[in-house]
Structures are given as C-alpha cells and as structure tokens.
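Listing of entry-v7.txt; format and content: compact mmCIF, C-alpha atoms and all ligand atoms.
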# COMPACT_ATOMS: atom_id res chain seq x y z
CA MET A 1 0.33 -14.16 12.06
CA ILE A 2 -3.24 -12.87 12.20
CA LEU A 3 -3.83 -9.33 11.03
CA ASP A 4 -6.98 -7.81 12.45
CA VAL A 5 -8.62 -5.49 9.95
CA PRO A 6 -11.94 -3.70 10.54
CA GLU A 7 -14.42 -5.15 8.06
CA LEU A 8 -14.96 -1.68 6.66
CA SER A 9 -11.64 0.05 6.44
CA LEU A 10 -9.28 1.73 4.07
CA VAL A 11 -6.18 -0.43 4.02
CA ALA A 12 -2.95 1.24 2.93
CA LEU A 13 -0.19 -1.15 1.95
CA VAL A 14 3.18 0.42 2.74
CA GLY A 15 6.42 -0.87 1.28
CA ILE A 16 9.30 -0.22 -1.04
CA SER A 17 9.16 -1.30 -4.66
CA GLY A 18 9.74 -5.03 -4.80
CA SER A 19 8.53 -5.64 -1.26
CA GLY A 20 5.63 -7.67 -2.62
CA LYS A 21 2.64 -5.34 -2.15
CA SER A 22 0.85 -6.31 -5.38
CA THR A 23 1.56 -9.99 -4.78
CA PHE A 24 0.21 -9.70 -1.22
CA ALA A 25 -2.88 -7.83 -2.43
CA ALA A 26 -3.63 -10.46 -5.07
CA ARG A 27 -3.39 -13.18 -2.43
CA HIS A 28 -5.72 -11.58 0.09
CA TRP A 29 -8.30 -9.55 -1.83
CA ALA A 30 -10.37 -9.56 -4.97
CA PRO A 31 -8.93 -7.48 -7.82
CA THR A 32 -11.76 -4.96 -7.57
CA GLN A 33 -11.02 -4.31 -3.88
CA VAL A 34 -7.49 -3.22 -4.69
CA LEU A 35 -6.77 0.23 -6.10
CA SER A 36 -3.24 0.33 -7.41
CA SER A 37 -1.31 3.44 -8.31
CA ASP A 38 0.02 1.63 -11.39
CA PHE A 39 -3.48 0.99 -12.66
CA PHE A 40 -4.54 4.61 -12.20
CA ARG A 41 -1.39 5.97 -13.87
CA GLY A 42 -2.22 3.73 -16.79
CA LEU A 43 -5.78 4.96 -16.79
CA VAL A 44 -4.88 8.65 -16.94
CA ALA A 45 -1.61 8.49 -18.91
CA ASP A 46 -1.50 5.21 -20.84
CA ASP A 47 1.67 4.33 -18.96
CA GLU A 48 1.74 2.66 -15.54
CA ASN A 49 5.26 3.94 -14.93
CA ASP A 50 4.72 7.59 -15.87
CA GLN A 51 5.59 9.25 -12.56
CA SER A 52 4.56 12.65 -13.94
CA ALA A 53 1.00 11.30 -14.01
CA SER A 54 1.01 10.47 -10.30
CA SER A 55 -0.87 13.55 -9.16
CA ASP A 56 -3.78 12.97 -11.56
CA ALA A 57 -3.66 9.24 -10.90
CA PHE A 58 -4.02 9.72 -7.14
CA ASP A 59 -6.84 12.24 -7.61
CA VAL A 60 -8.81 9.56 -9.42
CA LEU A 61 -7.73 6.83 -7.01
CA HIS A 62 -8.94 8.91 -4.04
CA TYR A 63 -12.21 9.60 -5.82
CA VAL A 64 -12.86 5.91 -6.45
CA ALA A 65 -11.79 5.02 -2.90
CA GLY A 66 -14.33 7.56 -1.59
CA LYS A 67 -17.13 6.07 -3.71
CA ARG A 68 -16.30 2.57 -2.49
CA LEU A 69 -16.13 3.59 1.17
CA ALA A 70 -19.41 5.49 0.86
CA ALA A 71 -20.94 2.23 -0.33
CA GLY A 72 -19.47 0.38 2.63
CA ARG A 73 -16.82 -1.53 0.69
CA LEU A 74 -13.43 -2.42 2.10
CA THR A 75 -10.78 -0.77 -0.04
CA VAL A 76 -7.08 -1.57 -0.32
CA VAL A 77 -4.57 0.91 -1.73
CA ASP A 78 -1.62 -0.74 -3.46
CA ALA A 79 0.98 2.02 -3.70
CA THR A 80 4.32 2.49 -1.97
CA ASN A 81 2.71 4.96 0.49
CA LEU A 82 6.14 5.91 1.76
CA GLN A 83 5.55 9.65 1.94
CA SER A 84 3.63 11.30 4.70
CA HIS A 85 1.72 13.50 2.24
CA ALA A 86 0.66 10.46 0.19
CA ARG A 87 -0.67 8.75 3.30
CA ALA A 88 -2.39 11.96 4.44
CA GLY A 89 -4.57 11.82 1.32
CA LEU A 90 -5.71 8.33 2.27
CA VAL A 91 -6.37 9.20 5.92
CA LYS A 92 -8.44 12.16 4.70
CA VAL A 93 -10.62 10.01 2.42
CA ALA A 94 -11.10 7.46 5.22
CA ARG A 95 -12.11 10.15 7.72
CA GLU A 96 -14.52 11.75 5.26
CA HIS A 97 -16.36 8.44 5.25
CA ASP A 98 -16.01 7.62 8.95
CA VAL A 99 -13.89 4.64 8.11
CA LEU A 100 -10.81 3.45 9.97
CA PRO A 101 -7.51 3.82 8.17
CA THR A 102 -5.37 0.69 8.50
CA ALA A 103 -1.72 0.32 7.49
CA ILE A 104 -0.07 -2.96 6.57
CA VAL A 105 3.67 -2.51 6.22
CA LEU A 106 5.73 -4.97 4.19
CA ASP A 107 9.25 -4.57 5.52
CA VAL A 108 11.75 -6.60 3.50
CA PRO A 109 15.51 -6.19 3.27
CA GLU A 110 16.60 -3.63 0.72
CA SER A 111 18.89 -6.23 -0.88
CA LEU A 112 15.98 -8.59 -1.53
CA ALA A 113 13.84 -5.85 -3.08
CA TRP A 114 16.75 -4.90 -5.34
CA GLU A 115 17.28 -8.51 -6.43
CA ARG A 116 13.62 -8.80 -7.33
CA THR A 117 13.60 -5.45 -9.13
CA GLN A 118 16.48 -6.48 -11.37
CA ALA A 119 14.51 -9.54 -12.44
CA ARG A 120 11.48 -7.45 -13.48
CA THR A 121 10.78 -6.09 -16.92
CA ASP A 122 8.17 -3.61 -15.65
CA ARG A 123 10.61 -1.64 -13.46
CA THR A 124 13.76 0.03 -14.73
CA PHE A 125 14.95 2.23 -11.92
CA GLY A 126 18.33 1.90 -10.23
CA ARG A 127 19.46 0.74 -6.83
CA GLN A 128 19.60 4.29 -5.45
CA VAL A 129 15.82 4.54 -5.85
CA ILE A 130 15.34 1.45 -3.69
CA THR A 131 17.82 2.84 -1.14
CA ARG A 132 15.87 6.10 -0.92
CA MET A 133 12.59 4.25 -0.56
CA HIS A 134 14.07 2.12 2.21
CA ARG A 135 15.13 5.23 4.08
CA ASP A 136 11.60 6.63 3.66
CA LEU A 137 10.15 3.37 4.98
CA ARG A 138 12.26 3.49 8.15
CA ARG A 139 11.08 7.05 8.75
CA SER A 140 7.46 6.10 7.99
CA LEU A 141 7.35 3.45 10.70
CA GLY A 142 7.50 6.07 13.41
CA GLN A 143 4.92 8.33 11.78
CA LEU A 144 1.95 6.12 11.00
CA ALA A 145 0.24 6.30 14.40
CA LYS A 146 0.35 10.06 14.68
CA GLU A 147 -0.84 10.42 11.10
CA GLY A 148 -4.11 8.78 12.12
CA PHE A 149 -3.70 5.12 11.19
CA ARG A 150 -5.75 3.31 13.80
CA LYS A 151 -4.40 -0.13 13.11
CA ILE A 152 -0.82 -0.69 12.07
CA HIS A 153 0.54 -4.11 11.18
CA VAL A 154 4.22 -4.42 10.40
CA LEU A 155 5.29 -7.63 8.64
CA ARG A 156 9.04 -8.06 8.95
CA GLY A 157 10.63 -10.28 6.35
CA VAL A 158 9.33 -12.75 3.79
CA ASP A 159 8.30 -15.39 6.33
CA GLU A 160 5.96 -13.09 8.22
CA ILE A 161 4.55 -11.78 4.94
CA ALA A 162 3.94 -15.33 3.68
CA ALA A 163 2.32 -16.43 6.94
CA ALA A 164 -0.01 -13.45 7.31
CA GLU A 165 -3.74 -14.06 7.39
CA ILE A 166 -6.38 -11.35 7.49
CA ARG A 167 -9.10 -11.56 10.11
CA TYR A 168 -12.02 -9.17 9.73
CA GLU A 169 -13.31 -7.42 12.81
CA LYS A 170 -17.03 -6.82 12.93
CA LEU A 171 -17.84 -3.20 13.56
CA PHE A 172 -20.99 -3.79 15.59
P1 LIG A 201 6.06 -2.10 -6.82
O1 LIG A 201 4.74 -2.25 -7.50
O2 LIG A 201 7.19 -1.86 -7.76
O3 LIG A 201 6.03 -1.10 -5.72
O4 LIG A 201 6.43 -3.53 -6.13
P2 LIG A 201 5.51 -4.44 -5.24
O5 LIG A 201 5.75 -4.12 -3.81
O6 LIG A 201 4.11 -4.42 -5.71
O7 LIG A 201 6.12 -5.89 -5.48
P3 LIG A 201 5.50 -7.11 -6.30
O8 LIG A 201 4.36 -7.73 -5.56
O9 LIG A 201 5.27 -6.72 -7.71
O10 LIG A 201 6.71 -8.12 -6.21
C1 LIG A 201 7.95 -7.82 -6.85
C2 LIG A 201 8.55 -9.09 -7.37
O11 LIG A 201 8.83 -9.96 -6.28
C3 LIG A 201 7.63 -9.84 -8.30
O12 LIG A 201 8.40 -10.38 -9.35
C4 LIG A 201 7.06 -10.94 -7.44
O13 LIG A 201 6.78 -12.10 -8.17
C5 LIG A 201 8.16 -11.19 -6.43
N1 LIG A 201 7.59 -11.55 -5.13
C6 LIG A 201 6.72 -10.83 -4.40
N2 LIG A 201 6.40 -11.47 -3.27
C7 LIG A 201 7.10 -12.62 -3.29
C8 LIG A 201 7.22 -13.70 -2.39
O14 LIG A 201 6.61 -13.76 -1.32
N3 LIG A 201 8.06 -14.71 -2.75
C9 LIG A 201 8.75 -14.68 -3.90
N4 LIG A 201 9.56 -15.70 -4.19
N5 LIG A 201 8.68 -13.68 -4.77
C10 LIG A 201 7.87 -12.66 -4.48
MG MG A 202 3.16 -3.35 -7.17

Please render this file's structure as structure tokens.
Amino acid sequence: MILDVPELSLVALVGISGSGKSTFAARHWAPTQVLSSDFFRGLVADDENDQSASSDAFDVLHYVAGKRLAAGRLTVVDATNLQSHARAGLVKVAREHDVLPTAIVLDVPESLAWERTQARTDRTFGRQVITRMHRDLRRSLGQLAKEGFRKIHVLRGVDEIAAAEIRYEKLF
C-alpha cells in the first residue's frame, strides 16, 4: 500500500499505545525527523512516562515542529494523537507554516495492542487504558477530515501496516 505524503508536511501518527507507531516511525524516517511525546516528556521531566509533564512536553514539541517546518523539513509526530485537542495543536502549527497536515492512522485490534503492552517493560498501565484509547480512536476516525487533515491514511491491521510504503509528493 502506497501512502502519498506531501514532501513538506506535518505527519501525525494516530494510534493506541502498542499499535506500533514508534516502530513504524523508525522504519520510515530518520530519528531526527520524528518528534515523540515520550522524548519530550523525558526532556522536560526526566521521565518519559510522566503524564503530568505532557502539557510542557507538547509545548516544546510544537515549538520544535514549528522550527523544522519553517526550515522546510518534513516532521513526524509520534504520539497517540487520539484527542481532538491534541491534534488541533498540530494542525495549528502546520497552518502557521503553510504546511499540509497529514494523518497516518495505525488501527490494530485492541487485543493485539494489549498483548504487546503486557510484554513491555516501559509501559505499566492496565487494559482499561487501552480500551479507552481504542474508543477514542474509533471516534477520531470520523473527525480527522473536519479538523483540517488534508491527507488521511488509515492502515487497518498488521499486514497493511507492514506493507505500507511512503511516496513523497512534490509540491511544485
Ligand atoms: P506507545 O508509544 O505506547 O503509544 O506505543 P507505540 O504505538 O509506539 O508502539 P511500539 O511501536 O512501541 O510497539 C509496541 C510493541 O509492539 C513493541 O514491543 C514493538 O516491538 C511491537 N511491535 C510494533 N510493531 C510491530 C510489528 O509490526 N510486528 C511485531 N511483531 N511487533 C511489533
Ligand atoms: Mg511509541
């Protein structure tokens, strides 16, 4: 499956914890192109899992995203992006820099994400968190277009995620 992405865009990965966002990002982009919420929580709070640091972490993430876009650099945001207000911050930064916001949704079964989460040492939350995220994801699918995402790719299941290739669209 070919995913068309404008060569200068802000790409928001969207998916529940354990859906494979960070794995997908590492496969398709250089580390410096990917701004992850974990990294920025670590930067501002010394703890990638400190949810109370999210607000400060996203402030800094948006700031860096803006600097990158101003310099004409494709930027990928590796965060769950399951809440409308979280995505609104990204659409705003993209618009401020006349850049197209793109969403790539990784839609995996809740049961698979939970299996993976249990095998991880860097995540300790319970099943109900995954369930809530999955509900948020279902709701998100119907909201992305009206929020301003100009390109929306939805990858359903592990096979589509594994087969995905990015194709860059020239702007001019
Ligand atoms: P959060 O950062 O918690 O939101 O999760 P994430 O969406 O970034 O998921 P991540 O990429 O960290 O993947 C979660 C776990 O699933 C990791 O242990 C990965 O190694 C594993 N995983 C991710 N993608 C795949 C895949 O395509 N195949 C297999 N076998 N494992 C995968
Ligand atoms: Mg991750």

Subject >> Expected answer as a PyMOL selection string: residues within 9 Å of ligand LIG 201 (chain A), only C-alpha atoms and all ligand atoms >> reply: chain A and resi 13-26+36-38+78-80+106+112-113+115-117+119-120+122-123+158-159+161-162

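Atom CA of A:Phe58 lies 23.7 Å from atom CA of A:Thr131.
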
Subject >> 7 Å contact set for A:His153, only C-alpha atoms, chain neighbours under 6 positions out, as a VMD selection string >> reply: chain A and resid 3 103 to 105

Subject >> Spatial neighbours of A:Gln33, max dist 12 Å, all atoms listed in the file, sep filter under 6 positions, as a list in words >> reply: Leu8, Ser9, Leu10, Val11, Ala12, Ala25, Ala26, Arg27, Val64, Ala65, Arg68, Leu69, Gly72, Arg73, Leu74, Thr75, Val76, Val77 and Asp78 of chain A

Grab the residues selected above and save them as an mmCIF file, in the frame of the given file with C-alpha atoms.
data_model
loop_
_atom_site.group_PDB
_atom_site.id
_atom_site.type_symbol
_atom_site.label_atom_id
_atom_site.label_comp_id
_atom_site.auth_asym_id
_atom_site.auth_seq_id
_atom_site.Cartn_x
_atom_site.Cartn_y
_atom_site.Cartn_z
ATOM 1 C CA LEU A 8 -14.960 -1.680 6.660
ATOM 2 C CA SER A 9 -11.640 0.050 6.440
ATOM 3 C CA LEU A 10 -9.280 1.730 4.070
ATOM 4 C CA VAL A 11 -6.180 -0.430 4.020
ATOM 5 C CA ALA A 12 -2.950 1.240 2.930
ATOM 6 C CA ALA A 25 -2.880 -7.830 -2.430
ATOM 7 C CA ALA A 26 -3.630 -10.460 -5.070
ATOM 8 C CA ARG A 27 -3.390 -13.180 -2.430
ATOM 9 C CA VAL A 64 -12.860 5.910 -6.450
ATOM 10 C CA ALA A 65 -11.790 5.020 -2.900
ATOM 11 C CA ARG A 68 -16.300 2.570 -2.490
ATOM 12 C CA LEU A 69 -16.130 3.590 1.170
ATOM 13 C CA GLY A 72 -19.470 0.380 2.630
ATOM 14 C CA ARG A 73 -16.820 -1.530 0.690
ATOM 15 C CA LEU A 74 -13.430 -2.420 2.100
ATOM 16 C CA THR A 75 -10.780 -0.770 -0.040
ATOM 17 C CA VAL A 76 -7.080 -1.570 -0.320
ATOM 18 C CA VAL A 77 -4.570 0.910 -1.730
ATOM 19 C CA ASP A 78 -1.620 -0.740 -3.460
#

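Compared by their closest atoms to A:Leu35, and using all atoms listed in the file, the residues A:Asp47, A:Ala94, A:Asp56, A:Leu61 rank with A:Leu61 nearest.
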
Original post:
So how many Å separate atom CA of A:Lys67 and atom CA of A:Leu100, to one decimal?
Top reply: 15.3 Å

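Using all atoms listed in the file for every distance, the candidate list A:Asn49, A:Ser140, A:Gln128, A:Ser55 yields A:Asn49 as the residue closest to ligand MG 202 (chain A).
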
Could you give me, as a PDB file with C-alpha atoms, in the frame of the given file, the residues that have an atom at most 7 Å away from the point (-6.3, -6.4, 8.1) in the coordinates of the file, using only C-alpha atoms?
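Heads up, here's the output in result.pdb:
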ATOM      1  CA  LEU A   3      -3.830  -9.330  11.030  1.00  0.00           C
ATOM      2  CA  ASP A   4      -6.980  -7.810  12.450  1.00  0.00           C
ATOM      3  CA  VAL A   5      -8.620  -5.490   9.950  1.00  0.00           C
ATOM      4  CA  PRO A   6     -11.940  -3.700  10.540  1.00  0.00           C
ATOM      5  CA  ILE A 166      -6.380 -11.350   7.490  1.00  0.00           C
ATOM      6  CA  ARG A 167      -9.100 -11.560  10.110  1.00  0.00           C
ATOM      7  CA  TYR A 168     -12.020  -9.170   9.730  1.00  0.00           C
TER       8      TYR A 168
END

**OP:** Find, counting all atoms listed in the file, the residue in A:Asp98, A:Asp50, A:Asp107, A:Glu169 that gets nearest to A:Arg156.
**Re:** A:Asp107

Around all of stretch 124-135 of chain A's listed atoms, make the axis-aligned box with 6 Å on each side and tell me centre and edge lengths in Å to one decimal, as lines of an AutoDock Vina configuration file.
center_x = 16.1
center_y = 3.1
center_z = -5.3
size_x = 19.0
size_y = 18.1
size_z = 30.8

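Proximity of A:Gly142, A:Pro101, A:Gly126, A:Gly42 to A:Arg87, computed with only C-alpha atoms, is greatest for A:Pro101.
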
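Rounded to one decimal, atom CA of A:Leu141 and atom CA of A:Leu90 lie 16.3 Å from each other.
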
**OP:** Name all residues at most 8 Å from A:Trp114 (count only C-alpha atoms; drop same-chain ones fewer than 4 positions away) and give them as a ChimeraX atom specification.
**Re:** /A:18,110,118,127,130

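Nearest-residue note for A:Ile2: choosing from A:Val154, A:Asp46, A:Trp29, A:Val93, the minimum distance belongs to A:Val154, counting all atoms listed in the file.
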
**OP:** Could you give me, as a PyMOL selection string, the residues that sit within 7 Å of (-5.1, 13.1, 7.6) in the file's coordinates, counting all atoms listed in the file?
**Re:** chain A and resi 88-89+91-92+147-148

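Closest to A:Phe125 among A:Gln143, A:Leu155, A:Gln51, A:Lys170 is A:Gln51, based on all atoms listed in the file.
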
Using the partial input, fill out stretch 16-46 of chain A with N, CA and C atoms; write the result as a PDB file, in the coordinates of the input.
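Heads up, here's the output in selection.pdb:
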ATOM      1  N   ILE A  16       8.465  -0.665   0.078  1.00  0.00           N
ATOM      2  CA  ILE A  16       9.300  -0.220  -1.040  1.00  0.00           C
ATOM      3  C   ILE A  16       8.966  -1.044  -2.281  1.00  0.00           C
ATOM      4  N   SER A  17       9.371  -0.558  -3.414  1.00  0.00           N
ATOM      5  CA  SER A  17       9.160  -1.300  -4.660  1.00  0.00           C
ATOM      6  C   SER A  17       9.867  -2.646  -4.538  1.00  0.00           C
ATOM      7  N   GLY A  18       9.164  -3.694  -4.899  1.00  0.00           N
ATOM      8  CA  GLY A  18       9.740  -5.030  -4.800  1.00  0.00           C
ATOM      9  C   GLY A  18       9.490  -5.706  -3.462  1.00  0.00           C
ATOM     10  N   SER A  19       8.803  -5.032  -2.570  1.00  0.00           N
ATOM     11  CA  SER A  19       8.530  -5.640  -1.260  1.00  0.00           C
ATOM     12  C   SER A  19       7.421  -6.687  -1.353  1.00  0.00           C
ATOM     13  N   GLY A  20       6.666  -6.647  -2.433  1.00  0.00           N
ATOM     14  CA  GLY A  20       5.630  -7.670  -2.620  1.00  0.00           C
ATOM     15  C   GLY A  20       4.216  -7.194  -2.354  1.00  0.00           C
ATOM     16  N   LYS A  21       3.977  -5.882  -2.442  1.00  0.00           N
ATOM     17  CA  LYS A  21       2.640  -5.340  -2.150  1.00  0.00           C
ATOM     18  C   LYS A  21       1.580  -5.911  -3.099  1.00  0.00           C
ATOM     19  N   SER A  22       1.858  -5.857  -4.401  1.00  0.00           N
ATOM     20  CA  SER A  22       0.850  -6.310  -5.380  1.00  0.00           C
ATOM     21  C   SER A  22       0.619  -7.811  -5.256  1.00  0.00           C
ATOM     22  N   THR A  23       1.676  -8.544  -4.968  1.00  0.00           N
ATOM     23  CA  THR A  23       1.560  -9.990  -4.780  1.00  0.00           C
ATOM     24  C   THR A  23       0.705 -10.287  -3.547  1.00  0.00           C
ATOM     25  N   PHE A  24       0.961  -9.551  -2.471  1.00  0.00           N
ATOM     26  CA  PHE A  24       0.210  -9.700  -1.220  1.00  0.00           C
ATOM     27  C   PHE A  24      -1.263  -9.355  -1.449  1.00  0.00           C
ATOM     28  N   ALA A  25      -1.501  -8.266  -2.167  1.00  0.00           N
ATOM     29  CA  ALA A  25      -2.880  -7.830  -2.430  1.00  0.00           C
ATOM     30  C   ALA A  25      -3.631  -8.886  -3.233  1.00  0.00           C
ATOM     31  N   ALA A  26      -2.968  -9.454  -4.224  1.00  0.00           N
ATOM     32  CA  ALA A  26      -3.630 -10.460  -5.070  1.00  0.00           C
ATOM     33  C   ALA A  26      -3.959 -11.716  -4.265  1.00  0.00           C
ATOM     34  N   ARG A  27      -3.169 -11.993  -3.248  1.00  0.00           N
ATOM     35  CA  ARG A  27      -3.390 -13.180  -2.430  1.00  0.00           C
ATOM     36  C   ARG A  27      -4.563 -12.998  -1.464  1.00  0.00           C
ATOM     37  N   HIS A  28      -4.758 -11.770  -0.993  1.00  0.00           N
ATOM     38  CA  HIS A  28      -5.720 -11.580   0.090  1.00  0.00           C
ATOM     39  C   HIS A  28      -7.040 -10.936  -0.328  1.00  0.00           C
ATOM     40  N   TRP A  29      -7.076 -10.276  -1.470  1.00  0.00           N
ATOM     41  CA  TRP A  29      -8.300  -9.550  -1.830  1.00  0.00           C
ATOM     42  C   TRP A  29      -8.661  -9.768  -3.293  1.00  0.00           C
ATOM     43  N   ALA A  30      -9.930  -9.506  -3.584  1.00  0.00           N
ATOM     44  CA  ALA A  30     -10.370  -9.560  -4.970  1.00  0.00           C
ATOM     45  C   ALA A  30      -9.772  -8.386  -5.741  1.00  0.00           C
ATOM     46  N   PRO A  31      -9.541  -8.561  -7.034  1.00  0.00           N
ATOM     47  CA  PRO A  31      -8.930  -7.480  -7.820  1.00  0.00           C
ATOM     48  C   PRO A  31      -9.669  -6.147  -7.704  1.00  0.00           C
ATOM     49  N   THR A  32     -11.004  -6.216  -7.614  1.00  0.00           N
ATOM     50  CA  THR A  32     -11.760  -4.960  -7.570  1.00  0.00           C
ATOM     51  C   THR A  32     -11.674  -4.257  -6.220  1.00  0.00           C
ATOM     52  N   GLN A  33     -11.196  -4.952  -5.194  1.00  0.00           N
ATOM     53  CA  GLN A  33     -11.020  -4.310  -3.880  1.00  0.00           C
ATOM     54  C   GLN A  33      -9.711  -3.542  -3.797  1.00  0.00           C
ATOM     55  N   VAL A  34      -8.847  -3.758  -4.765  1.00  0.00           N
ATOM     56  CA  VAL A  34      -7.490  -3.220  -4.690  1.00  0.00           C
ATOM     57  C   VAL A  34      -7.315  -2.090  -5.706  1.00  0.00           C
ATOM     58  N   LEU A  35      -7.031  -0.903  -5.220  1.00  0.00           N
ATOM     59  CA  LEU A  35      -6.770   0.230  -6.100  1.00  0.00           C
ATOM     60  C   LEU A  35      -5.268   0.434  -6.161  1.00  0.00           C
ATOM     61  N   SER A  36      -4.689   0.215  -7.321  1.00  0.00           N
ATOM     62  CA  SER A  36      -3.240   0.330  -7.410  1.00  0.00           C
ATOM     63  C   SER A  36      -2.844   1.597  -8.159  1.00  0.00           C
ATOM     64  N   SER A  37      -1.786   2.210  -7.675  1.00  0.00           N
ATOM     65  CA  SER A  37      -1.310   3.440  -8.310  1.00  0.00           C
ATOM     66  C   SER A  37      -0.905   3.163  -9.761  1.00  0.00           C
ATOM     67  N   ASP A  38      -0.352   1.986 -10.012  1.00  0.00           N
ATOM     68  CA  ASP A  38       0.020   1.630 -11.390  1.00  0.00           C
ATOM     69  C   ASP A  38      -1.196   1.681 -12.311  1.00  0.00           C
ATOM     70  N   PHE A  39      -2.261   1.043 -11.829  1.00  0.00           N
ATOM     71  CA  PHE A  39      -3.480   0.990 -12.660  1.00  0.00           C
ATOM     72  C   PHE A  39      -3.980   2.396 -12.978  1.00  0.00           C
ATOM     73  N   PHE A  40      -3.994   3.264 -11.967  1.00  0.00           N
ATOM     74  CA  PHE A  40      -4.540   4.610 -12.200  1.00  0.00           C
ATOM     75  C   PHE A  40      -3.606   5.481 -13.040  1.00  0.00           C
ATOM     76  N   ARG A  41      -2.298   5.265 -12.942  1.00  0.00           N
ATOM     77  CA  ARG A  41      -1.390   5.970 -13.870  1.00  0.00           C
ATOM     78  C   ARG A  41      -1.667   5.525 -15.297  1.00  0.00           C
ATOM     79  N   GLY A  42      -1.889   4.240 -15.461  1.00  0.00           N
ATOM     80  CA  GLY A  42      -2.220   3.730 -16.790  1.00  0.00           C
ATOM     81  C   GLY A  42      -3.508   4.342 -17.313  1.00  0.00           C
ATOM     82  N   LEU A  43      -4.470   4.447 -16.396  1.00  0.00           N
ATOM     83  CA  LEU A  43      -5.780   4.960 -16.790  1.00  0.00           C
ATOM     84  C   LEU A  43      -5.698   6.410 -17.274  1.00  0.00           C
ATOM     85  N   VAL A  44      -4.911   7.231 -16.574  1.00  0.00           N
ATOM     86  CA  VAL A  44      -4.880   8.650 -16.940  1.00  0.00           C
ATOM     87  C   VAL A  44      -3.775   8.992 -17.934  1.00  0.00           C
ATOM     88  N   ALA A  45      -2.772   8.126 -18.089  1.00  0.00           N
ATOM     89  CA  ALA A  45      -1.610   8.490 -18.910  1.00  0.00           C
ATOM     90  C   ALA A  45      -1.133   7.405 -19.873  1.00  0.00           C
ATOM     91  N   ASP A  46      -1.873   6.323 -19.965  1.00  0.00           N
ATOM     92  CA  ASP A  46      -1.500   5.210 -20.840  1.00  0.00           C
ATOM     93  C   ASP A  46      -0.159   4.576 -20.505  1.00  0.00           C
TER      94      ASP A  46
END
